[in-house]
$ cat structure03.tsv   # TSV, C-alpha atoms and all ligand atoms
chain	number	residue	atom	x	y	z
B	1	MET	CA	68.02	-134.71	83.22
B	2	ALA	CA	65.64	-135.79	80.45
B	3	SER	CA	66.88	-138.85	78.59
B	4	THR	CA	66.91	-139.06	74.81
B	5	LEU	CA	64.56	-141.34	72.89
B	6	GLN	CA	67.49	-143.68	72.19
B	7	GLN	CA	68.30	-143.95	75.88
B	8	GLN	CA	64.66	-144.61	76.68
B	9	ILE	CA	64.48	-147.37	74.06
B	10	GLN	CA	67.72	-148.90	75.34
B	11	GLN	CA	66.52	-148.84	78.94
B	12	PHE	CA	63.11	-150.19	77.94
B	13	TYR	CA	64.61	-153.25	76.21
B	14	ASP	CA	67.45	-153.72	78.71
B	15	ALA	CA	64.89	-153.92	81.48
B	16	SER	CA	62.13	-155.87	79.76
B	17	SER	CA	63.81	-158.33	77.36
B	18	GLY	CA	64.20	-161.10	79.95
B	19	LEU	CA	60.50	-160.98	80.73
B	20	TRP	CA	59.56	-160.75	77.04
B	21	GLU	CA	61.64	-163.85	76.34
B	22	GLN	CA	59.89	-165.78	79.12
B	23	ILE	CA	56.45	-164.81	77.81
B	24	TRP	CA	56.86	-164.38	74.04
B	25	GLY	CA	59.95	-166.53	73.50
B	26	GLU	CA	62.80	-165.42	71.24
B	27	HIS	CA	60.58	-163.57	68.74
B	28	MET	CA	59.54	-160.10	69.91
B	29	HIS	CA	56.90	-159.51	67.26
B	30	HIS	CA	53.30	-160.28	66.43
B	31	GLY	CA	52.03	-163.49	64.85
B	32	TYR	CA	50.41	-164.26	61.51
B	33	TYR	CA	46.97	-165.82	61.87
B	34	GLY	CA	46.06	-166.22	58.20
B	35	ALA	CA	44.95	-163.66	55.61
B	36	ALA	CA	41.74	-162.96	57.55
B	37	GLY	CA	43.51	-163.02	60.90
B	38	ASN	CA	41.26	-165.76	62.33
B	39	GLU	CA	43.33	-168.97	62.14
B	40	ARG	CA	43.85	-170.66	65.49
B	41	LYS	CA	47.40	-171.74	66.17
B	42	GLU	CA	50.09	-171.85	68.84
B	43	ARG	CA	51.77	-168.48	69.53
B	44	ARG	CA	55.34	-169.38	68.50
B	45	GLN	CA	54.11	-170.98	65.29
B	46	ALA	CA	52.19	-167.79	64.47
B	47	GLN	CA	55.36	-165.72	64.96
B	48	ILE	CA	57.34	-168.03	62.67
B	49	ASP	CA	54.49	-167.94	60.17
B	50	LEU	CA	54.81	-164.15	60.08
B	51	ILE	CA	58.49	-164.48	59.14
B	52	GLU	CA	57.58	-167.04	56.46
B	53	GLU	CA	54.74	-164.85	55.13
B	54	LEU	CA	57.14	-161.93	54.79
B	55	LEU	CA	59.67	-164.08	52.95
B	56	LYS	CA	56.90	-165.33	50.65
B	57	TRP	CA	55.62	-161.78	50.05
B	58	GLY	CA	59.16	-160.60	49.26
B	59	GLU	CA	59.79	-163.70	47.09
B	60	VAL	CA	63.03	-164.38	48.98
B	61	ARG	CA	64.60	-167.60	47.81
B	62	GLN	CA	68.13	-167.16	49.10
B	63	ALA	CA	70.30	-164.83	51.09
B	64	GLN	CA	73.96	-164.83	52.04
B	65	GLN	CA	74.61	-161.72	54.10
B	66	ILE	CA	71.63	-160.72	56.19
B	67	LEU	CA	71.25	-157.58	58.30
B	68	ASP	CA	68.54	-157.71	60.98
B	69	VAL	CA	67.85	-154.07	61.91
B	70	GLY	CA	66.40	-153.87	65.41
B	71	CYS	CA	67.17	-157.53	66.08
B	72	GLY	CA	65.83	-158.00	69.61
B	73	ILE	CA	67.43	-161.14	71.02
B	74	GLY	CA	68.10	-162.48	67.52
B	75	GLY	CA	64.88	-164.40	66.88
B	76	SER	CA	64.73	-163.57	63.16
B	77	SER	CA	68.53	-163.44	62.71
B	78	LEU	CA	69.03	-167.02	63.87
B	79	TYR	CA	65.97	-168.29	62.02
B	80	LEU	CA	67.04	-166.69	58.73
B	81	ALA	CA	70.74	-167.58	59.07
B	82	GLU	CA	69.83	-171.21	59.64
B	83	LYS	CA	67.18	-171.34	56.93
B	84	PHE	CA	69.41	-169.87	54.22
B	85	GLY	CA	72.82	-171.09	55.46
B	86	ALA	CA	73.69	-167.39	55.63
B	87	ILE	CA	75.64	-165.07	57.91
B	88	ALA	CA	73.38	-162.79	59.93
B	89	THR	CA	74.32	-159.53	61.59
B	90	GLY	CA	71.91	-158.01	64.07
B	91	ILE	CA	71.84	-154.52	65.53
B	92	THR	CA	69.90	-153.24	68.51
B	93	LEU	CA	70.11	-150.28	70.89
B	94	SER	CA	70.09	-152.63	73.88
B	95	PRO	CA	73.37	-154.16	75.15
B	96	VAL	CA	71.33	-156.72	77.11
B	97	GLN	CA	69.66	-157.87	73.87
B	98	ALA	CA	72.95	-157.94	71.92
B	99	ASN	CA	74.56	-160.09	74.63
B	100	ARG	CA	71.61	-162.46	74.84
B	101	ALA	CA	71.46	-162.80	71.05
B	102	THR	CA	75.21	-163.55	70.94
B	103	GLU	CA	74.75	-166.20	73.64
B	104	ARG	CA	71.83	-167.78	71.76
B	105	ALA	CA	73.80	-167.92	68.49
B	106	ALA	CA	76.75	-169.60	70.25
B	107	THR	CA	74.47	-172.16	71.92
B	108	ALA	CA	72.72	-172.95	68.64
B	109	ARG	CA	76.05	-172.85	66.68
B	110	ILE	CA	74.54	-170.50	64.15
B	111	ASN	CA	76.60	-168.02	62.14
B	112	ALA	CA	75.26	-164.76	63.53
B	113	ASN	CA	76.85	-161.77	65.23
B	114	PHE	CA	75.29	-158.91	67.14
B	115	GLN	CA	76.22	-155.42	68.15
B	116	VAL	CA	74.80	-152.27	69.67
B	117	ALA	CA	74.32	-149.75	66.87
B	118	ASP	CA	71.87	-147.10	65.73
B	119	ALA	CA	69.77	-147.94	62.67
B	120	LEU	CA	69.85	-144.26	61.68
B	121	ASN	CA	73.64	-144.27	61.48
B	122	MET	CA	74.77	-147.80	60.79
B	123	PRO	CA	78.43	-148.78	61.15
B	124	PHE	CA	78.52	-150.65	57.82
B	125	PRO	CA	79.92	-149.68	54.42
B	126	ASP	CA	77.54	-149.09	51.51
B	127	GLN	CA	76.27	-152.22	49.75
B	128	SER	CA	77.15	-154.75	52.47
B	129	PHE	CA	74.07	-157.02	52.64
B	130	ASP	CA	71.83	-158.83	50.20
B	131	LEU	CA	68.89	-159.03	52.62
B	132	VAL	CA	68.06	-156.19	55.02
B	133	TRP	CA	65.33	-157.24	57.44
B	134	SER	CA	63.36	-155.07	59.86
B	135	LEU	CA	60.58	-156.72	61.84
B	136	GLU	CA	58.66	-154.37	64.15
B	137	SER	CA	61.53	-151.93	64.72
B	138	GLY	CA	60.62	-149.16	62.23
B	139	GLU	CA	58.01	-147.78	64.61
B	140	HIS	CA	60.83	-146.78	67.00
B	141	MET	CA	62.55	-144.60	64.38
B	142	PRO	CA	62.11	-140.84	64.85
B	143	ASP	CA	63.11	-140.15	61.23
B	144	LYS	CA	61.42	-142.68	58.95
B	145	THR	CA	63.01	-141.34	55.74
B	146	LYS	CA	66.52	-141.47	57.18
B	147	PHE	CA	65.79	-145.01	58.38
B	148	LEU	CA	64.74	-146.15	54.90
B	149	GLN	CA	67.74	-144.38	53.35
B	150	GLU	CA	70.15	-146.12	55.73
B	151	CYS	CA	68.60	-149.53	54.99
B	152	TYR	CA	68.97	-148.90	51.26
B	153	ARG	CA	72.53	-147.56	51.64
B	154	VAL	CA	73.79	-150.85	53.11
B	155	LEU	CA	71.88	-152.98	50.59
B	156	LYS	CA	73.82	-154.61	47.74
B	157	PRO	CA	72.58	-153.91	44.20
B	158	GLY	CA	69.80	-156.39	43.48
B	159	GLY	CA	69.35	-157.06	47.20
B	160	LEU	CA	66.09	-156.86	49.10
B	161	PHE	CA	64.89	-154.75	52.02
B	162	LEU	CA	61.92	-156.26	53.88
B	163	MET	CA	60.18	-154.37	56.65
B	164	ALA	CA	57.06	-155.02	58.73
B	165	THR	CA	56.14	-152.15	61.00
B	166	TRP	CA	53.26	-150.65	62.95
B	167	CYS	CA	51.24	-148.05	61.07
B	168	HIS	CA	48.16	-146.00	61.87
B	169	ARG	CA	45.26	-145.89	59.43
B	170	PRO	CA	45.35	-143.53	56.42
B	171	ASP	CA	44.38	-140.03	57.58
B	172	GLN	CA	44.66	-137.89	54.44
B	173	PRO	CA	41.71	-137.14	52.07
B	174	PRO	CA	39.55	-138.99	51.14
B	175	HIS	CA	40.07	-140.46	54.64
B	176	SER	CA	39.11	-138.52	57.74
B	177	PRO	CA	41.84	-137.07	59.96
B	178	LEU	CA	42.66	-139.01	63.11
B	179	SER	CA	40.03	-138.29	65.75
B	180	GLN	CA	40.95	-136.96	69.19
B	181	ASP	CA	40.17	-140.35	70.62
B	182	GLU	CA	42.46	-142.09	68.11
B	183	GLN	CA	45.23	-139.58	68.80
B	184	LYS	CA	44.85	-140.17	72.54
B	185	HIS	CA	45.01	-143.92	72.00
B	186	LEU	CA	48.14	-143.55	69.85
B	187	ALA	CA	49.79	-141.26	72.41
B	188	GLU	CA	49.32	-143.96	75.03
B	189	ILE	CA	50.84	-146.62	72.75
B	190	TYR	CA	53.80	-144.27	72.06
B	191	ARG	CA	54.30	-143.71	75.78
B	192	VAL	CA	54.14	-147.38	76.77
B	193	TYR	CA	56.36	-148.69	73.95
B	194	CYS	CA	58.86	-145.79	73.64
B	195	LEU	CA	57.77	-144.81	70.12
B	196	PRO	CA	58.29	-141.32	68.69
B	197	HIS	CA	55.33	-141.68	66.30
B	198	VAL	CA	54.04	-144.06	63.64
B	199	ILE	CA	52.86	-143.11	60.16
B	200	SER	CA	50.35	-144.56	57.72
B	201	LEU	CA	51.10	-146.87	54.80
B	202	PRO	CA	50.30	-144.09	52.25
B	203	GLU	CA	52.88	-141.92	54.03
B	204	TYR	CA	55.51	-144.61	53.50
B	205	GLU	CA	54.38	-144.74	49.88
B	206	ARG	CA	54.97	-140.96	49.58
B	207	SER	CA	58.53	-141.29	50.94
B	208	PRO	CA	61.26	-139.90	48.61
B	209	ILE	CA	62.56	-143.40	47.90
B	210	SER	CA	59.18	-145.05	47.49
B	211	SER	CA	59.69	-145.77	43.79
B	212	THR	CA	61.98	-148.60	44.91
B	213	PHE	CA	59.45	-150.44	47.03
B	214	LYS	CA	56.01	-152.03	47.21
B	215	THR	CA	53.74	-152.04	50.25
B	216	SER	CA	50.85	-154.08	51.55
B	217	ALA	CA	48.83	-154.29	54.74
B	218	PRO	CA	48.53	-157.93	55.83
B	219	GLN	CA	46.64	-158.97	58.99
B	220	THR	CA	48.74	-159.76	62.04
B	221	GLY	CA	47.59	-160.46	65.53
B	222	LEU	CA	48.81	-160.34	69.10
B	223	PRO	CA	50.62	-163.57	69.92
B	224	LEU	CA	49.15	-163.93	73.40
W	301	LIG	C1	59.89	-154.96	69.23
W	301	LIG	S1	61.62	-155.24	69.14
W	301	LIG	C2	61.68	-156.30	67.71
W	301	LIG	C3	62.85	-157.25	67.79
W	301	LIG	C4	63.02	-158.22	66.64
W	301	LIG	N1	62.96	-157.57	65.34
W	301	LIG	C5	62.03	-159.35	66.69
W	301	LIG	O1	61.08	-159.36	65.88
W	301	LIG	O2	62.18	-160.24	67.53
W	301	LIG	C6	62.27	-153.67	68.52
W	301	LIG	C7	63.78	-153.67	68.35
W	301	LIG	O3	64.15	-152.46	67.66
W	301	LIG	C8	65.37	-152.01	68.22
W	301	LIG	N2	65.58	-150.58	67.89
W	301	LIG	C9	64.75	-149.54	68.14
W	301	LIG	N3	65.29	-148.39	67.70
W	301	LIG	C10	66.49	-148.71	67.16
W	301	LIG	C11	67.53	-147.97	66.55
W	301	LIG	N4	67.45	-146.64	66.38
W	301	LIG	N5	68.62	-148.62	66.13
W	301	LIG	C12	68.72	-149.98	66.29
W	301	LIG	N6	67.77	-150.73	66.85
W	301	LIG	C13	66.67	-150.11	67.29
W	301	LIG	C14	65.23	-152.28	69.69
W	301	LIG	O4	66.48	-152.23	70.33
W	301	LIG	C15	64.60	-153.69	69.63
W	301	LIG	O5	65.62	-154.65	69.50

$ encode --input "structure03.tsv" --output "structure tokens"
Amino acid sequence: MASTLQQQIQQFYDASSGLWEQIWGEHMHHGYYGAAGNERKERRQAQIDLIEELLKWGEVRQAQQILDVGCGIGGSSLYLAEKFGAIATGITLSPVQANRATERAATARINANFQVADALNMPFPDQSFDLVWSLESGEHMPDKTKFLQECYRVLKPGGLFLMATWCHRPDQPPHSPLSQDEQKHLAEIYRVYCLPHVISLPEYERSPISSTFKTSAPQTGLPL
């Protein structure tokens, strides 16, 4: 029987998170290597620098209730909860990740809790969090608009939603459509990483709720 995308993502992270942690550490995302992408630095520092760059870009000075959507093993959740003296809640599709994140929070004595939940149908009331954070999880979402709507639904008035996600290059006029070679390359990335599809930054900007957000395309790099 064919499994659903959600099941594939769950199985992918259940099976691979231990190995990812050994190789990439607790942060399962790319690093920030300066505005031009050419600074030389240690991998973990680059991953933390990406978190700090995002916070700087979003002008985040404080947070009390943080939601980490697609939390992995809680790398960002624990970092942000500790930095701001906040409570962090993380959701992931992977029970293995949720358990590992819970274990890491207990060991570090950081106020963070984790659960298995779907970002497209979150188990939280409206207006629950003052910072909603999504670091390299948006690319897994089959319905990008629904994802953005859910993130905004659980955001308190005056709160902030910060997302960094994989995009492909702009492909609408005046830009050329994606070539066959680019589409083939993308299809392989989708297959390997369990992604339904990614969209371009201008597509996010055309989203029905785009009047509430700003976008930018900073340089990130592979942490290896
Ligand atoms: C590449 S990992 C990033 C983890 C984390 N944000 C970090 O930077 O360390 C992608 C995460 O997105 C989560 N994810 C993917 N689709 C999801 C969904 N529909 N609902 C909740 N989490 C999802 C996965 O379970 C995984 O934890």

$ residues_around --input "structure03.tsv" --residues "Cys71 in chain B" --least-positions-apart "4" --cutoff "10 Å" --atoms "all atoms listed in the file" --output "PyMOL selection string"
chain B and resi 27-28+67+75-78+89-94+97-98+101+114-116+133-137

$ write_last_selection --input "structure03.tsv" --atoms "C-alpha atoms" --output "tab-separated table (two decimals), in the coordinates of the input"
chain	number	residue	atom	x	y	z
B	27	HIS	CA	60.58	-163.57	68.74
B	28	MET	CA	59.54	-160.10	69.91
B	67	LEU	CA	71.25	-157.58	58.30
B	75	GLY	CA	64.88	-164.40	66.88
B	76	SER	CA	64.73	-163.57	63.16
B	77	SER	CA	68.53	-163.44	62.71
B	78	LEU	CA	69.03	-167.02	63.87
B	89	THR	CA	74.32	-159.53	61.59
B	90	GLY	CA	71.91	-158.01	64.07
B	91	ILE	CA	71.84	-154.52	65.53
B	92	THR	CA	69.90	-153.24	68.51
B	93	LEU	CA	70.11	-150.28	70.89
B	94	SER	CA	70.09	-152.63	73.88
B	97	GLN	CA	69.66	-157.87	73.87
B	98	ALA	CA	72.95	-157.94	71.92
B	101	ALA	CA	71.46	-162.80	71.05
B	114	PHE	CA	75.29	-158.91	67.14
B	115	GLN	CA	76.22	-155.42	68.15
B	116	VAL	CA	74.80	-152.27	69.67
B	133	TRP	CA	65.33	-157.24	57.44
B	134	SER	CA	63.36	-155.07	59.86
B	135	LEU	CA	60.58	-156.72	61.84
B	136	GLU	CA	58.66	-154.37	64.15
B	137	SER	CA	61.53	-151.93	64.72

$ closest_residue --input "structure03.tsv" --among "B:Arg169, B:Gly70, B:Ile209, B:Arg153" --to "Met141 in chain B" --atoms "only C-alpha atoms"
B:Gly70

$ closest_residue --input "structure03.tsv" --among "B:Val198, B:Leu19, B:Ile9, B:Leu131" --to "ligand LIG 301 (chain W)" --atoms "all atoms listed in the file"
B:Ile9

$ closest_residue --input "structure03.tsv" --among "B:Gly58, B:Gly85, B:Pro170, B:Pro95" --to "ligand LIG 301 (chain W)" --atoms "all atoms listed in the file"
B:Pro95

$ closest_residue --input "structure03.tsv" --among "B:Lys83, B:His30, B:Arg44, B:Lys144" --to "Ile110 in chain B" --atoms "only C-alpha atoms"
B:Lys83

$ residues_near_point --input "structure03.tsv" --point "(50.4, -145.8, 70.1)" --cutoff "10 Å" --atoms "all atoms listed in the file" --output "MDAnalysis selection string"
chainID B and resid 139 166:168 182:198

$ write_last_selection --input "structure03.tsv" --atoms "C-alpha atoms" --output "CSV table (one decimal), in the frame of the given file"
chain,number,residue,atom,x,y,z
B,139,GLU,CA,58.0,-147.8,64.6
B,166,TRP,CA,53.3,-150.6,63.0
B,167,CYS,CA,51.2,-148.0,61.1
B,168,HIS,CA,48.2,-146.0,61.9
B,182,GLU,CA,42.5,-142.1,68.1
B,183,GLN,CA,45.2,-139.6,68.8
B,184,LYS,CA,44.8,-140.2,72.5
B,185,HIS,CA,45.0,-143.9,72.0
B,186,LEU,CA,48.1,-143.6,69.8
B,187,ALA,CA,49.8,-141.3,72.4
B,188,GLU,CA,49.3,-144.0,75.0
B,189,ILE,CA,50.8,-146.6,72.8
B,190,TYR,CA,53.8,-144.3,72.1
B,191,ARG,CA,54.3,-143.7,75.8
B,192,VAL,CA,54.1,-147.4,76.8
B,193,TYR,CA,56.4,-148.7,74.0
B,194,CYS,CA,58.9,-145.8,73.6
B,195,LEU,CA,57.8,-144.8,70.1
B,196,PRO,CA,58.3,-141.3,68.7
B,197,HIS,CA,55.3,-141.7,66.3
B,198,VAL,CA,54.0,-144.1,63.6

$ atom_distance --input "structure03.tsv" --atom1 "CA of Leu55 in chain B" --atom2 "atom C3 of ligand LIG 301 (chain W)"
16.6 Å

$ closest_residue --input "structure03.tsv" --among "B:Asn113, B:Gln45, B:Asn38, B:Thr165" --to "ligand LIG 301 (chain W)" --atoms "only C-alpha atoms and all ligand atoms"
B:Thr165

$ atom_distance --input "structure03.tsv" --atom1 "CA of Glu103 in chain B" --atom2 "CA of Gly25 in chain B"
14.8 Å

$ axis_aligned_box --input "structure03.tsv" --around "ligand LIG 301 (chain W)" --padding-each-side "6 Å" --output "lines of an AutoDock Vina configuration file"
center_x = 64.3
center_y = -153.4
center_z = 67.8
size_x = 20.8
size_y = 25.6
size_z = 17.0

$ residues_around --input "structure03.tsv" --residues "Gln149 in chain B" --least-positions-apart "5" --cutoff "12 Å" --atoms "all atoms listed in the file" --output "PDB file with C-alpha atoms, keeping the file's coordinate frame"
ATOM      1  CA  ALA B 119      69.770-147.940  62.670  1.00  0.00           C
ATOM      2  CA  LEU B 120      69.850-144.260  61.680  1.00  0.00           C
ATOM      3  CA  ASN B 121      73.640-144.270  61.480  1.00  0.00           C
ATOM      4  CA  MET B 122      74.770-147.800  60.790  1.00  0.00           C
ATOM      5  CA  ASP B 126      77.540-149.090  51.510  1.00  0.00           C
ATOM      6  CA  VAL B 132      68.060-156.190  55.020  1.00  0.00           C
ATOM      7  CA  ASP B 143      63.110-140.150  61.230  1.00  0.00           C
ATOM      8  CA  LYS B 144      61.420-142.680  58.950  1.00  0.00           C
ATOM      9  CA  VAL B 154      73.790-150.850  53.110  1.00  0.00           C
ATOM     10  CA  LEU B 155      71.880-152.980  50.590  1.00  0.00           C
ATOM     11  CA  PHE B 161      64.890-154.750  52.020  1.00  0.00           C
ATOM     12  CA  SER B 207      58.530-141.290  50.940  1.00  0.00           C
ATOM     13  CA  PRO B 208      61.260-139.900  48.610  1.00  0.00           C
ATOM     14  CA  ILE B 209      62.560-143.400  47.900  1.00  0.00           C
ATOM     15  CA  SER B 210      59.180-145.050  47.490  1.00  0.00           C
ATOM     16  CA  THR B 212      61.980-148.600  44.910  1.00  0.00           C
TER      17      THR B 212
END

$ atom_distance --input "structure03.tsv" --atom1 "CA of Thr102 in chain B" --atom2 "CA of Ile51 in chain B"
20.5 Å

$ closest_residue --input "structure03.tsv" --among "B:Lys146, B:Arg40, B:Lys56, B:Arg61" --to "ligand LIG 301 (chain W)" --atoms "all atoms listed in the file"
B:Lys146

$ residues_around --input "structure03.tsv" --residues "Ala86 in chain B" --least-positions-apart "6" --cutoff "9 Å" --atoms "all atoms listed in the file" --output "list of chain:residue names"
B:Gln62, B:Ala63, B:Gln64, B:Gln65, B:Ile66, B:Leu80, B:Asn111, B:Ala112

$ residues_around --input "structure03.tsv" --residues "Trp20 in chain B" --least-positions-apart "5" --cutoff "12 Å" --atoms "only C-alpha atoms" --output "ChimeraX atom specification"
/B:12-15,25-29,72-73,97,223-224

$ residues_near_point --input "structure03.tsv" --point "(53.9, -160.0, 61.9)" --cutoff "6 Å" --atoms "all atoms listed in the file" --output "list in words"
His30, Gly31, Tyr32, Leu50 and Thr220 of chain B

$ decode --input "structure03.tsv" --residues "range 92-101 of chain B" --atoms "all heavy atoms" --output "mmCIF file, in the first residue's frame"
data_model
loop_
_atom_site.group_PDB
_atom_site.id
_atom_site.type_symbol
_atom_site.label_atom_id
_atom_site.label_comp_id
_atom_site.auth_asym_id
_atom_site.auth_seq_id
_atom_site.Cartn_x
_atom_site.Cartn_y
_atom_site.Cartn_z
ATOM 1 N N THR B 92 6.582 18.161 15.478
ATOM 2 C CA THR B 92 7.239 17.419 14.406
ATOM 3 C C THR B 92 6.340 16.249 14.038
ATOM 4 O O THR B 92 5.496 15.845 14.836
ATOM 5 C CB THR B 92 8.620 16.892 14.874
ATOM 6 O OG1 THR B 92 9.100 15.913 13.936
ATOM 7 C CG2 THR B 92 8.557 16.207 16.241
ATOM 8 N N LEU B 93 6.535 15.676 12.850
ATOM 9 C CA LEU B 93 5.776 14.479 12.480
ATOM 10 C C LEU B 93 6.433 13.215 13.032
ATOM 11 O O LEU B 93 5.837 12.152 12.989
ATOM 12 C CB LEU B 93 5.665 14.373 10.954
ATOM 13 C CG LEU B 93 4.782 15.398 10.253
ATOM 14 C CD1 LEU B 93 4.825 15.191 8.737
ATOM 15 C CD2 LEU B 93 3.337 15.331 10.746
ATOM 16 N N SER B 94 7.645 13.345 13.544
ATOM 17 C CA SER B 94 8.418 12.162 13.927
ATOM 18 C C SER B 94 8.398 11.932 15.437
ATOM 19 O O SER B 94 8.941 12.748 16.206
ATOM 20 C CB SER B 94 9.864 12.352 13.452
ATOM 21 O OG SER B 94 10.751 11.551 14.191
ATOM 22 N N PRO B 95 7.817 10.805 15.897
ATOM 23 C CA PRO B 95 7.855 10.495 17.332
ATOM 24 C C PRO B 95 9.286 10.353 17.849
ATOM 25 O O PRO B 95 9.579 10.753 18.980
ATOM 26 C CB PRO B 95 7.120 9.151 17.438
ATOM 27 C CG PRO B 95 6.315 9.013 16.189
ATOM 28 C CD PRO B 95 7.038 9.795 15.131
ATOM 29 N N VAL B 96 10.178 9.829 17.030
ATOM 30 C CA VAL B 96 11.578 9.682 17.462
ATOM 31 C C VAL B 96 12.164 11.062 17.770
ATOM 32 O O VAL B 96 12.830 11.277 18.785
ATOM 33 C CB VAL B 96 12.412 8.959 16.371
ATOM 34 C CG1 VAL B 96 13.903 9.038 16.656
ATOM 35 C CG2 VAL B 96 11.971 7.502 16.250
ATOM 36 N N GLN B 97 11.883 12.033 16.899
ATOM 37 C CA GLN B 97 12.394 13.397 17.129
ATOM 38 C C GLN B 97 11.762 14.015 18.375
ATOM 39 O O GLN B 97 12.455 14.638 19.186
ATOM 40 C CB GLN B 97 12.081 14.287 15.922
ATOM 41 C CG GLN B 97 12.923 13.976 14.702
ATOM 42 C CD GLN B 97 12.756 15.020 13.608
ATOM 43 O OE1 GLN B 97 11.712 15.646 13.475
ATOM 44 N NE2 GLN B 97 13.789 15.193 12.814
ATOM 45 N N ALA B 98 10.435 13.860 18.524
ATOM 46 C CA ALA B 98 9.756 14.460 19.686
ATOM 47 C C ALA B 98 10.333 13.890 20.980
ATOM 48 O O ALA B 98 10.595 14.638 21.940
ATOM 49 C CB ALA B 98 8.247 14.214 19.602
ATOM 50 N N ASN B 99 10.582 12.577 21.011
ATOM 51 C CA ASN B 99 11.145 11.959 22.221
ATOM 52 C C ASN B 99 12.561 12.455 22.491
ATOM 53 O O ASN B 99 12.925 12.757 23.622
ATOM 54 C CB ASN B 99 11.168 10.427 22.085
ATOM 55 C CG ASN B 99 9.768 9.861 22.138
ATOM 56 O OD1 ASN B 99 8.843 10.495 22.646
ATOM 57 N ND2 ASN B 99 9.588 8.656 21.605
ATOM 58 N N ARG B 100 13.346 12.539 21.443
ATOM 59 C CA ARG B 100 14.742 12.985 21.615
ATOM 60 C C ARG B 100 14.788 14.449 22.069
ATOM 61 O O ARG B 100 15.585 14.815 22.935
ATOM 62 C CB ARG B 100 15.504 12.794 20.284
ATOM 63 C CG ARG B 100 16.934 13.241 20.309
ATOM 64 C CD ARG B 100 17.814 12.370 21.222
ATOM 65 N NE ARG B 100 19.142 12.922 21.326
ATOM 66 C CZ ARG B 100 19.755 13.222 22.479
ATOM 67 N NH1 ARG B 100 19.182 12.967 23.644
ATOM 68 N NH2 ARG B 100 20.971 13.748 22.471
ATOM 69 N N ALA B 101 13.900 15.265 21.493
ATOM 70 C CA ALA B 101 13.859 16.683 21.881
ATOM 71 C C ALA B 101 13.439 16.809 23.357
ATOM 72 O O ALA B 101 14.015 17.607 24.109
ATOM 73 C CB ALA B 101 12.881 17.435 20.979
#
